[in-house]
file final06.cif (mmCIF, C-alpha atoms)
data_start
loop_
_atom_site.label_atom_id
_atom_site.label_comp_id
_atom_site.auth_asym_id
_atom_site.auth_seq_id
_atom_site.Cartn_x
_atom_site.Cartn_y
_atom_site.Cartn_z
CA MET A 164 -10.98 4.13 5.54
CA PRO A 165 -9.44 2.65 7.51
CA PHE A 166 -8.37 0.45 4.62
CA TRP A 167 -7.29 -2.98 5.91
CA GLN A 168 -5.42 -5.53 3.82
CA VAL A 169 -5.03 -8.90 5.55
CA PHE A 170 -2.48 -11.15 3.84
CA THR A 171 -2.99 -14.75 4.98
CA PRO A 172 -1.86 -18.23 3.98
CA GLU A 173 -4.27 -19.99 1.63
CA GLY A 174 -7.15 -21.53 3.56
CA ALA A 175 -6.17 -19.86 6.83
CA TYR A 176 -9.74 -18.69 7.35
CA THR A 177 -13.18 -19.99 6.47
CA ASP A 178 -15.77 -17.57 5.17
CA ASP A 179 -17.23 -17.45 8.67
CA ASP A 180 -13.80 -16.61 10.10
CA LYS A 181 -13.35 -13.78 7.61
CA GLN A 182 -16.79 -12.43 8.41
CA ALA A 183 -16.07 -12.61 12.14
CA LEU A 184 -12.65 -10.95 11.86
CA ALA A 185 -14.01 -8.21 9.60
CA GLN A 186 -16.82 -7.62 12.09
CA ALA A 187 -14.41 -7.54 15.04
CA ILE A 188 -12.18 -5.04 13.24
CA THR A 189 -15.20 -2.94 12.31
CA ASP A 190 -16.52 -2.93 15.88
CA ALA A 191 -13.10 -1.93 17.24
CA CYS A 192 -12.77 0.90 14.73
CA ILE A 193 -16.26 2.24 15.44
CA SER A 194 -15.65 2.15 19.17
CA PHE A 195 -12.08 3.50 19.20
CA ALA A 196 -12.26 6.03 16.39
CA GLU A 197 -15.96 6.95 16.46
CA ILE A 198 -16.46 6.56 12.72
CA PRO A 199 -19.32 5.19 10.61
CA ALA A 200 -19.32 1.42 10.07
CA PHE A 201 -19.22 1.80 6.28
CA PHE A 202 -15.84 3.53 6.53
CA VAL A 203 -14.20 0.26 7.62
CA ASN A 204 -12.95 -1.61 4.57
CA VAL A 205 -11.29 -5.01 5.01
CA TYR A 206 -9.81 -7.03 2.14
CA PHE A 207 -8.40 -10.54 2.53
CA HIS A 208 -5.60 -11.69 0.24
CA GLU A 209 -4.94 -15.44 0.41
CA MET A 210 -1.30 -15.85 -0.52
CA ALA A 211 0.23 -19.12 -1.70
CA ALA A 212 3.29 -20.24 0.26
CA ASN A 213 5.43 -19.87 -2.87
CA ASN A 214 4.47 -16.17 -2.95
CA THR A 215 5.12 -15.56 0.76
CA TYR A 216 8.63 -15.14 2.16
CA LEU A 217 9.84 -14.19 5.59
CA GLY A 218 13.57 -13.97 6.17
CA GLY A 219 14.06 -15.53 2.73
CA GLN A 220 12.00 -18.62 3.59
CA GLN A 221 8.62 -19.74 2.23
CA ARG A 222 6.02 -19.53 4.95
CA ASP A 223 2.50 -20.88 5.36
CA ASP A 224 1.98 -19.70 8.95
CA PHE A 225 2.43 -15.95 8.66
CA ILE A 226 -0.11 -13.13 8.47
CA HIS A 227 0.74 -9.54 7.58
CA ILE A 228 -1.84 -6.83 8.09
CA ALA A 229 -1.28 -3.51 6.31
CA THR A 230 -3.69 -0.72 7.17
CA ASP A 231 -4.02 2.83 5.89
CA ILE A 232 -5.79 5.22 8.23
CA VAL A 233 -7.00 8.72 7.47
CA ALA A 234 -10.11 9.78 9.38
CA ARG A 235 -8.33 10.00 12.74
CA GLN A 236 -4.74 11.17 13.00
CA LEU A 237 -3.71 9.66 16.40
CA PRO A 238 -2.01 12.86 17.63
CA THR A 239 -0.12 11.62 20.73
CA PRO A 240 2.16 8.67 21.65
CA GLU A 241 -0.44 7.58 24.22
CA ILE A 242 -3.23 7.46 21.63
CA ARG A 243 -0.99 5.65 19.13
CA ALA A 244 -0.09 3.04 21.78
CA ALA A 245 -3.76 2.68 22.75
CA CYS A 246 -4.73 2.19 19.11
CA MET A 247 -2.18 -0.59 18.63
CA SER A 248 -3.29 -2.21 21.89
CA VAL A 249 -6.92 -2.27 20.75
CA ILE A 250 -5.84 -3.77 17.42
CA ASN A 251 -3.74 -6.46 19.14
CA ASP A 252 -6.66 -7.44 21.36
CA THR A 253 -8.98 -7.51 18.35
CA ILE A 254 -6.89 -9.72 16.10
CA ARG A 255 -5.31 -12.04 18.69
CA PRO A 256 -8.16 -14.65 18.65
CA PHE A 257 -7.74 -14.93 14.88
CA VAL A 258 -3.97 -14.87 14.74
CA GLN A 259 -1.71 -15.78 17.66
CA ASP A 260 -4.43 -17.91 19.31
CA ARG A 261 -4.54 -20.00 16.12
CA GLY A 262 -0.80 -20.41 15.88
CA PHE A 263 -0.08 -17.84 13.20
CA HIS A 264 2.88 -15.50 13.30
CA VAL A 265 1.85 -11.92 12.67
CA GLU A 266 3.10 -8.50 11.77
CA ILE A 267 0.99 -5.38 11.43
CA HIS A 268 1.76 -1.88 10.30
CA LEU A 269 -0.39 1.19 9.84
CA ASP A 270 0.22 4.19 7.64
CA GLN A 271 -1.40 7.60 7.96
CA THR A 272 -2.48 9.09 4.65
CA PRO A 273 -3.50 12.70 3.88
CA VAL A 274 -7.11 13.48 4.73
CA GLU A 275 -7.36 15.97 1.86
CA LEU A 276 -6.60 13.20 -0.66
CA TRP A 277 -9.50 10.99 0.40
CA ARG A 278 -13.05 10.81 -0.96
CA VAL A 279 -16.02 8.58 -0.06
CA GLU A 280 -18.67 8.22 -2.79
CA GLY A 281 -16.87 11.10 -4.49
CA ILE A 282 -17.22 13.54 -1.60
CA THR A 283 -15.25 14.82 1.38
CA ALA A 284 -16.22 13.45 4.79
CA PRO A 285 -17.42 16.20 7.19
CA LEU A 286 -14.82 15.39 9.84
CA ASP A 287 -14.84 18.93 11.21
CA TYR A 288 -18.64 19.22 11.29
CA PRO A 289 -19.86 17.08 14.23
CA GLU A 290 -23.56 17.39 13.41
CA LEU A 291 -23.11 16.32 9.81
CA PHE A 292 -20.64 13.62 10.77
CA ASP A 293 -23.11 12.23 13.34
CA GLN A 294 -25.60 11.96 10.49
CA TRP A 295 -23.08 9.92 8.48
CA ILE A 296 -22.65 7.63 11.48
CA LYS A 297 -26.39 7.27 12.17
CA GLU A 298 -27.45 6.76 8.54
CA ASN A 299 -24.27 4.72 7.84
CA ARG A 300 -23.82 6.32 4.44
CA ALA A 301 -22.15 9.31 2.80
CA VAL A 302 -24.90 11.91 3.19
CA PRO A 303 -24.35 14.68 0.59
CA TRP A 304 -23.45 18.09 2.01
CA GLU A 305 -22.14 21.41 0.79
CA VAL A 306 -18.38 20.94 0.95
CA PRO A 307 -16.50 24.26 1.49
CA VAL A 308 -14.22 25.19 -1.40
CA PRO A 309 -10.61 25.52 -0.22
CA MET B 157 9.09 -4.86 7.85
CA PRO B 158 10.37 -3.96 5.42
CA PHE B 159 7.22 -5.11 3.68
CA TRP B 160 7.93 -5.84 0.01
CA GLN B 161 5.25 -6.36 -2.61
CA VAL B 162 6.60 -7.48 -5.99
CA PHE B 163 4.04 -7.19 -8.79
CA THR B 164 5.15 -9.32 -11.75
CA PRO B 165 3.69 -10.65 -14.99
CA GLU B 166 2.24 -14.15 -14.67
CA GLY B 167 4.98 -16.76 -14.89
CA ALA B 168 7.78 -14.20 -14.73
CA TYR B 169 9.53 -16.21 -12.04
CA THR B 170 9.81 -19.86 -11.14
CA ASP B 171 9.57 -20.89 -7.51
CA ASP B 172 13.37 -21.04 -7.44
CA ASP B 173 13.56 -17.52 -8.83
CA LYS B 174 11.18 -16.22 -6.17
CA GLN B 175 13.15 -17.96 -3.44
CA ALA B 176 16.41 -16.52 -4.79
CA LEU B 177 15.04 -12.98 -5.13
CA ALA B 178 13.47 -13.09 -1.65
CA GLN B 179 16.80 -14.30 -0.27
CA ALA B 180 18.76 -11.61 -2.10
CA ILE B 181 16.40 -8.92 -0.78
CA THR B 182 16.65 -10.36 2.72
CA ASP B 183 20.44 -10.46 2.63
CA ALA B 184 20.60 -6.88 1.37
CA CYS B 185 18.24 -5.68 4.11
CA ILE B 186 20.14 -7.49 6.85
CA SER B 187 23.44 -6.07 5.64
CA PHE B 188 22.29 -2.50 4.90
CA ALA B 189 19.79 -1.95 7.73
CA GLU B 190 21.15 -4.32 10.38
CA ILE B 191 17.80 -5.91 11.12
CA PRO B 192 16.74 -9.48 11.94
CA ALA B 193 16.09 -11.75 8.95
CA PHE B 194 12.52 -12.43 10.04
CA PHE B 195 11.66 -8.74 9.67
CA VAL B 196 12.00 -9.02 5.89
CA ASN B 197 8.63 -9.87 4.36
CA VAL B 198 8.36 -10.35 0.58
CA TYR B 199 5.08 -11.07 -1.21
CA PHE B 200 4.84 -11.84 -4.93
CA HIS B 201 1.70 -10.89 -6.82
CA GLU B 202 1.49 -12.43 -10.29
CA MET B 203 -0.64 -10.04 -12.31
CA ALA B 204 -2.40 -10.99 -15.55
CA ALA B 205 -1.63 -8.71 -18.50
CA ASN B 206 -5.29 -7.63 -18.60
CA ASN B 207 -4.90 -6.33 -15.04
CA THR B 208 -1.60 -4.51 -15.68
CA TYR B 209 -1.48 -1.15 -17.45
CA LEU B 210 1.38 1.23 -18.06
CA GLY B 211 0.66 4.44 -19.92
CA GLY B 212 -2.79 3.05 -20.70
CA GLN B 213 -1.41 -0.09 -22.40
CA GLN B 214 -1.60 -3.72 -21.26
CA ARG B 215 1.87 -4.94 -20.34
CA ASP B 216 3.40 -8.35 -19.72
CA ASP B 217 6.99 -7.16 -19.28
CA PHE B 218 6.71 -4.77 -16.36
CA ILE B 219 7.51 -5.23 -12.67
CA HIS B 220 6.53 -2.78 -9.95
CA ILE B 221 7.99 -3.15 -6.48
CA ALA B 222 6.23 -1.31 -3.63
CA THR B 223 7.98 -1.41 -0.27
CA ASP B 224 7.01 -0.03 3.12
CA ILE B 225 9.93 0.54 5.50
CA VAL B 226 9.75 1.34 9.18
CA ALA B 227 12.64 0.00 11.23
CA ARG B 228 15.19 2.40 9.76
CA GLN B 229 14.28 5.92 8.81
CA LEU B 230 17.05 6.80 6.30
CA PRO B 231 17.74 10.25 7.76
CA THR B 232 19.96 11.86 5.08
CA PRO B 233 19.93 12.23 1.26
CA GLU B 234 23.21 10.26 1.14
CA ILE B 235 21.71 7.32 3.05
CA ARG B 236 18.55 7.41 0.94
CA ALA B 237 20.61 7.33 -2.26
CA ALA B 238 22.77 4.51 -0.88
CA CYS B 239 19.66 2.52 0.03
CA MET B 240 18.24 2.83 -3.49
CA SER B 241 21.61 1.93 -4.97
CA VAL B 242 21.78 -1.27 -2.89
CA ILE B 243 18.23 -2.14 -3.95
CA ASN B 244 19.02 -1.55 -7.64
CA ASP B 245 22.07 -3.80 -7.43
CA THR B 246 20.04 -6.45 -5.62
CA ILE B 247 17.12 -6.65 -8.03
CA ARG B 248 18.93 -6.02 -11.35
CA PRO B 249 19.77 -9.72 -12.02
CA PHE B 250 16.06 -10.54 -11.63
CA VAL B 251 14.64 -7.59 -13.50
CA GLN B 252 16.59 -5.55 -16.06
CA ASP B 253 18.98 -8.45 -16.78
CA ARG B 254 15.95 -10.55 -17.74
CA GLY B 255 14.42 -7.90 -19.98
CA PHE B 256 11.76 -6.60 -17.61
CA HIS B 257 10.94 -2.94 -17.25
CA VAL B 258 10.84 -1.93 -13.62
CA GLU B 259 9.69 0.74 -11.22
CA ILE B 260 10.22 0.76 -7.48
CA HIS B 261 9.01 3.04 -4.73
CA LEU B 262 9.43 2.96 -0.98
CA ASP B 263 7.28 4.53 1.67
CA GLN B 264 8.25 5.26 5.26
CA THR B 265 5.55 4.38 7.77
CA PRO B 266 5.31 5.39 11.46
CA VAL B 267 7.38 3.22 13.78
CA GLU B 268 4.85 3.67 16.61
CA LEU B 269 2.12 2.05 14.47
CA TRP B 270 4.03 -1.21 13.90
CA ARG B 271 3.94 -4.43 15.89
CA VAL B 272 5.71 -7.78 15.40
CA GLU B 273 4.03 -10.76 17.06
CA GLY B 274 1.95 -8.19 18.91
CA ILE B 275 4.87 -6.33 20.46
CA THR B 276 7.03 -3.29 19.85
CA ALA B 277 10.51 -3.91 18.45
CA PRO B 278 13.29 -2.69 20.82
CA LEU B 279 14.86 -0.41 18.20
CA ASP B 280 16.29 1.92 20.85
CA TYR B 281 17.66 -0.88 23.04
CA PRO B 282 20.75 -2.27 21.25
CA GLU B 283 21.27 -5.22 23.62
CA LEU B 284 17.69 -6.39 23.29
CA PHE B 285 17.65 -5.73 19.56
CA ASP B 286 20.84 -7.77 19.13
CA GLN B 287 19.01 -10.61 20.83
CA TRP B 288 16.19 -10.31 18.27
CA ILE B 289 18.79 -10.49 15.50
CA LYS B 290 20.69 -13.44 16.98
CA GLU B 291 17.61 -15.50 17.90
CA ASN B 292 15.80 -14.35 14.72
CA ARG B 293 12.50 -13.99 16.56
CA ALA B 294 10.50 -11.43 18.55
CA VAL B 295 11.90 -12.03 22.03
CA PRO B 296 9.37 -10.71 24.60
CA TRP B 297 10.54 -7.73 26.65
CA GLU B 298 9.05 -5.14 28.98
CA VAL B 299 7.93 -2.41 26.61
CA PRO B 300 7.95 1.07 28.25
CA VAL B 301 4.47 2.63 28.49
CA PRO B 302 4.38 5.97 26.63
CA MET C 170 4.10 6.46 -10.41
CA PRO C 171 1.41 7.35 -9.81
CA PHE C 172 0.81 3.76 -8.76
CA TRP C 173 -2.91 2.93 -8.94
CA GLN C 174 -4.48 -0.14 -7.40
CA VAL C 175 -8.14 -0.59 -8.28
CA PHE C 176 -9.90 -3.17 -6.10
CA THR C 177 -13.14 -4.27 -7.77
CA PRO C 178 -15.73 -7.00 -7.41
CA GLU C 179 -15.08 -10.01 -9.63
CA GLY C 180 -16.31 -9.40 -13.15
CA ALA C 181 -17.01 -5.71 -12.52
CA TYR C 182 -15.16 -4.77 -15.67
CA THR C 183 -14.55 -6.36 -19.06
CA ASP C 184 -11.09 -6.16 -20.56
CA ASP C 185 -12.32 -3.27 -22.69
CA ASP C 186 -13.57 -1.50 -19.55
CA LYS C 187 -10.21 -1.93 -17.84
CA GLN C 188 -8.39 -0.65 -20.88
CA ALA C 189 -10.71 2.35 -21.09
CA LEU C 190 -10.42 3.20 -17.38
CA ALA C 191 -6.63 2.81 -17.42
CA GLN C 192 -6.50 5.09 -20.46
CA ALA C 193 -8.80 7.66 -18.83
CA ILE C 194 -6.65 7.66 -15.68
CA THR C 195 -3.49 7.97 -17.77
CA ASP C 196 -4.89 10.86 -19.80
CA ALA C 197 -5.98 12.67 -16.63
CA CYS C 198 -2.56 12.21 -15.01
CA ILE C 199 -0.69 13.41 -18.11
CA SER C 200 -2.90 16.46 -18.37
CA PHE C 201 -3.07 17.38 -14.66
CA ALA C 202 0.43 16.45 -13.53
CA GLU C 203 2.39 16.90 -16.79
CA ILE C 204 4.18 13.58 -16.54
CA PRO C 205 5.17 10.96 -19.12
CA ALA C 206 2.48 8.39 -20.00
CA PHE C 207 4.71 5.47 -18.97
CA PHE C 208 4.78 6.79 -15.38
CA VAL C 209 1.11 5.91 -14.96
CA ASN C 210 0.79 2.38 -13.60
CA VAL C 211 -2.68 0.91 -13.02
CA TYR C 212 -3.28 -2.54 -11.52
CA PHE C 213 -6.72 -4.13 -11.22
CA HIS C 214 -7.40 -6.57 -8.38
CA GLU C 215 -10.65 -8.51 -8.79
CA MET C 216 -11.73 -9.36 -5.25
CA ALA C 217 -14.22 -12.12 -4.42
CA ALA C 218 -17.17 -11.02 -2.27
CA ASN C 219 -15.96 -13.31 0.52
CA ASN C 220 -12.70 -11.35 0.61
CA THR C 221 -14.36 -7.91 0.56
CA TYR C 222 -15.95 -6.39 3.67
CA LEU C 223 -17.41 -2.96 4.29
CA GLY C 224 -18.79 -2.22 7.72
CA GLY C 225 -18.39 -5.91 8.53
CA GLN C 226 -20.57 -7.03 5.60
CA GLN C 227 -19.58 -8.91 2.45
CA ARG C 228 -19.94 -6.64 -0.56
CA ASP C 229 -20.01 -7.19 -4.31
CA ASP C 230 -20.78 -3.59 -5.28
CA PHE C 231 -17.83 -1.71 -3.81
CA ILE C 232 -14.67 -0.37 -5.41
CA HIS C 233 -11.67 0.95 -3.48
CA ILE C 234 -8.93 2.80 -5.30
CA ALA C 235 -5.58 3.19 -3.51
CA THR C 236 -3.02 5.39 -5.23
CA ASP C 237 0.54 6.30 -4.33
CA ILE C 238 1.81 9.53 -5.88
CA VAL C 239 5.36 10.81 -5.94
CA ALA C 240 6.26 12.86 -9.00
CA ARG C 241 4.08 15.83 -8.02
CA GLN C 242 3.64 16.85 -4.41
CA LEU C 243 0.34 18.85 -4.58
CA PRO C 244 1.64 21.72 -2.41
CA THR C 245 -1.59 23.65 -1.64
CA PRO C 246 -5.15 22.85 -0.48
CA GLU C 247 -6.45 24.26 -3.77
CA ILE C 248 -4.24 21.95 -5.85
CA ARG C 249 -5.15 18.97 -3.68
CA ALA C 250 -8.87 19.70 -4.10
CA ALA C 251 -8.40 20.17 -7.85
CA CYS C 252 -6.56 16.85 -8.08
CA MET C 253 -9.37 14.99 -6.32
CA SER C 254 -11.94 16.74 -8.49
CA VAL C 255 -10.16 15.63 -11.67
CA ILE C 256 -9.99 12.08 -10.33
CA ASN C 257 -13.70 12.05 -9.44
CA ASP C 258 -14.62 13.24 -12.92
CA THR C 259 -12.34 10.64 -14.47
CA ILE C 260 -13.62 7.60 -12.59
CA ARG C 261 -17.33 8.50 -12.27
CA PRO C 262 -18.38 6.91 -15.62
CA PHE C 263 -16.79 3.64 -14.48
CA VAL C 264 -17.95 3.70 -10.89
CA GLN C 265 -20.96 5.70 -9.65
CA ASP C 266 -22.55 5.77 -13.12
CA ARG C 267 -22.50 1.95 -13.08
CA GLY C 268 -23.98 1.66 -9.61
CA PHE C 269 -20.80 0.91 -7.66
CA HIS C 270 -20.04 2.41 -4.30
CA VAL C 271 -16.55 3.86 -4.19
CA GLU C 272 -13.82 5.08 -1.91
CA ILE C 273 -10.48 6.48 -3.01
CA HIS C 274 -7.40 7.54 -1.11
CA LEU C 275 -4.03 8.80 -2.22
CA ASP C 276 -0.74 8.68 -0.38
CA GLN C 277 2.33 10.79 -1.07
CA THR C 278 5.58 8.86 -0.97
CA PRO C 279 9.16 10.20 -0.82
CA VAL C 280 10.56 11.22 -4.19
CA GLU C 281 14.09 10.21 -3.14
CA LEU C 282 12.96 6.61 -2.61
CA TRP C 283 11.65 6.13 -6.15
CA ARG C 284 13.42 4.78 -9.21
CA VAL C 285 12.23 4.15 -12.78
CA GLU C 286 14.25 1.60 -14.75
CA GLY C 287 16.79 1.89 -11.94
CA ILE C 288 17.31 5.63 -12.28
CA THR C 289 16.11 8.87 -10.74
CA ALA C 290 13.60 10.89 -12.74
CA PRO C 291 14.93 14.37 -13.68
CA LEU C 292 12.03 16.20 -12.05
CA ASP C 293 14.10 19.34 -11.44
CA TYR C 294 15.60 19.42 -14.94
CA PRO C 295 12.81 20.59 -17.29
CA GLU C 296 14.74 19.96 -20.52
CA LEU C 297 15.61 16.40 -19.56
CA PHE C 298 12.15 15.77 -18.17
CA ASP C 299 10.57 17.02 -21.42
CA GLN C 300 12.69 14.42 -23.20
CA TRP C 301 11.26 11.70 -20.91
CA ILE C 302 7.76 12.93 -21.79
CA LYS C 303 8.40 13.16 -25.55
CA GLU C 304 10.23 9.83 -25.87
CA ASN C 305 7.91 8.22 -23.29
CA ARG C 306 10.78 6.32 -21.68
CA ALA C 307 13.41 6.69 -18.96
CA VAL C 308 16.18 8.37 -20.95
CA PRO C 309 19.51 7.80 -19.14
CA TRP C 310 21.16 10.92 -17.72
CA GLU C 311 23.95 11.85 -15.33
CA VAL C 312 22.21 11.85 -11.98
CA PRO C 313 23.87 14.23 -9.47
CA VAL C 314 25.34 12.46 -6.45
CA PRO C 315 23.73 13.76 -3.23
#

call {"tool": "encode", "arguments": {"input": "final06.cif", "output": "structure tokens"}}
result
Amino acid sequence: MPFWQVFTPEGAYTDDDKQALAQAITDACISFAEIPAFFVNVYFHEMAANNTYLGGQQRDDFIHIATDIVARQLPTPEIRAACMSVINDTIRPFVQDRGFHVEIHLDQTPVELWRVEGITAPLDYPELFDQWIKENRAVPWEVPVP
Amino acid sequence: MPFWQVFTPEGAYTDDDKQALAQAITDACISFAEIPAFFVNVYFHEMAANNTYLGGQQRDDFIHIATDIVARQLPTPEIRAACMSVINDTIRPFVQDRGFHVEIHLDQTPVELWRVEGITAPLDYPELFDQWIKENRAVPWEVPVP
Amino acid sequence: MPFWQVFTPEGAYTDDDKQALAQAITDACISFAEIPAFFVNVYFHEMAANNTYLGGQQRDDFIHIATDIVARQLPTPEIRAACMSVINDTIRPFVQDRGFHVEIHLDQTPVELWRVEGITAPLDYPELFDQWIKENRAVPWEVPVP
């Protein structure tokens, strides 16, 4: 997490485009949220025009991005606005600048109902969490029993 | 938003069916929630029977609809029940009346974490929002800084 | 509901594997949450490596499971931890034990915005709900008007 699903028209992006957008999203998440790279999961779904409707009309120029976030809870209006601003800047070269219409929405899901490699992330343990960031993997640790 | 994902068996709907269902959903949303047509985003996912399980069994007669809503927050039990009743009436001709089993669930996602064409929708500014409805597009405006 | 979406690499599972995992998930949900079998909906999405990115890199060894729950609200930290523990034990033979990396996250969605076969589940009416479990179907009942 974050868990990004990018719904695009068929053929909207080459493999290089997808790689570049996934990397841009990952870089933005690392920088803004201070999380390990391997947390950032991006899936692309290429949707046929006959499976894509906006306002009741088939569309081949529309991208919807649906993202679930969990590691950071964006506690204030200022932080939430800053987050959306970073996302807009990150995706713009791949979306509006290429003539696509776009909508994006994020959801916040419960941190207690999230596991990486079967374990809880040490969000409240800065030293351990730094290790996850540096080693870019889920380093096993003794999770406290609730 | 609303962001509809309709998971159907392969071949459940023709292109005309999809168009008609997307239009019916759009009309219902416009009427019930008083939102612009272009907010209503419907994706169809045709799922093979060997990717669709209900109660542990493969199924080719089951439709799940998963919808994220954001523009309207459905503040009371009466409004929530009315919303689900409108949805049931809207989808029934495409689902139960054709012999499909069906489940639907909606989620409410945070309005501050939603952007259309990169901007905030003027939900609290009726004059501007009316313009979005009439022009059926995201008319740029000066979004207040939080 | 629960509504499970299992995002896997292409060819990660045979049809028998999918059947077995869907059955294992269903059994775990029935046992842990005391719900009817037909509530448990599992979809598999086989994702090409060029549509799957983790930390900005294409991956063909990663599984993400995204689950929406509604029937049971997991009211305490202990119950939430127990739920995740049951899920880990259930999926491990299909995921870690086969060399896949894995992330899972659950979301809780509003019970009032959920319908099965067009009707409300009688969660607060044990006798009726037992009938749903025993008959493994949405038995019609007189839903109270809110």

call {"tool": "interface_residues", "arguments": {"input": "final06.cif", "of": "chain B", "to": "chain A", "cutoff": "7 Å", "atoms": "all atoms listed in the file", "output": "compact mmCIF listing (two decimals) with C-alpha atoms, keeping the file's coordinate frame"}}
result
# COMPACT_ATOMS: atom_id res chain seq x y z
CA ASP B 171 9.57 -20.89 -7.51
CA GLN B 175 13.15 -17.96 -3.44
CA ALA B 178 13.47 -13.09 -1.65
CA GLN B 179 16.80 -14.30 -0.27
CA THR B 182 16.65 -10.36 2.72
CA ALA B 193 16.09 -11.75 8.95
CA PHE B 194 12.52 -12.43 10.04
CA PHE B 195 11.66 -8.74 9.67
CA VAL B 196 12.00 -9.02 5.89
CA ASN B 197 8.63 -9.87 4.36
CA VAL B 198 8.36 -10.35 0.58
CA TYR B 199 5.08 -11.07 -1.21
CA PHE B 200 4.84 -11.84 -4.93
CA THR B 265 5.55 4.38 7.77
CA PRO B 266 5.31 5.39 11.46
CA GLU B 268 4.85 3.67 16.61
CA LEU B 269 2.12 2.05 14.47
CA TRP B 270 4.03 -1.21 13.90
CA ARG B 271 3.94 -4.43 15.89
CA VAL B 272 5.71 -7.78 15.40
CA GLU B 273 4.03 -10.76 17.06
CA GLY B 274 1.95 -8.19 18.91
CA PRO B 302 4.38 5.97 26.63

call {"tool": "closest_residue", "arguments": {"input": "final06.cif", "among": "C:Val280, C:Ala307, C:Pro295, C:Thr289", "to": "Ile238 of chain C", "atoms": "all atoms listed in the file"}}
result
C:Val280

call {"tool": "residues_near_point", "arguments": {"input": "final06.cif", "point": "(-22.9, 7.8, 13.9)", "cutoff": "8 Å", "atoms": "only C-alpha atoms", "output": "number ranges by chain"}}
result
A: 197-199, 292-299

call {"tool": "atom_distance", "arguments": {"input": "final06.cif", "atom1": "atom CA of Ala277 of chain B", "atom2": "atom CA of Ala180 of chain B"}}
result
23.4 Å

call {"tool": "atom_distance", "arguments": {"input": "final06.cif", "atom1": "atom CA of Ser187 of chain B", "atom2": "atom CA of Met157 of chain B"}}
result
14.6 Å

call {"tool": "atom_distance", "arguments": {"input": "final06.cif", "atom1": "atom CA of Val308 of chain C", "atom2": "atom CA of Val162 of chain B"}}
result
23.8 Å
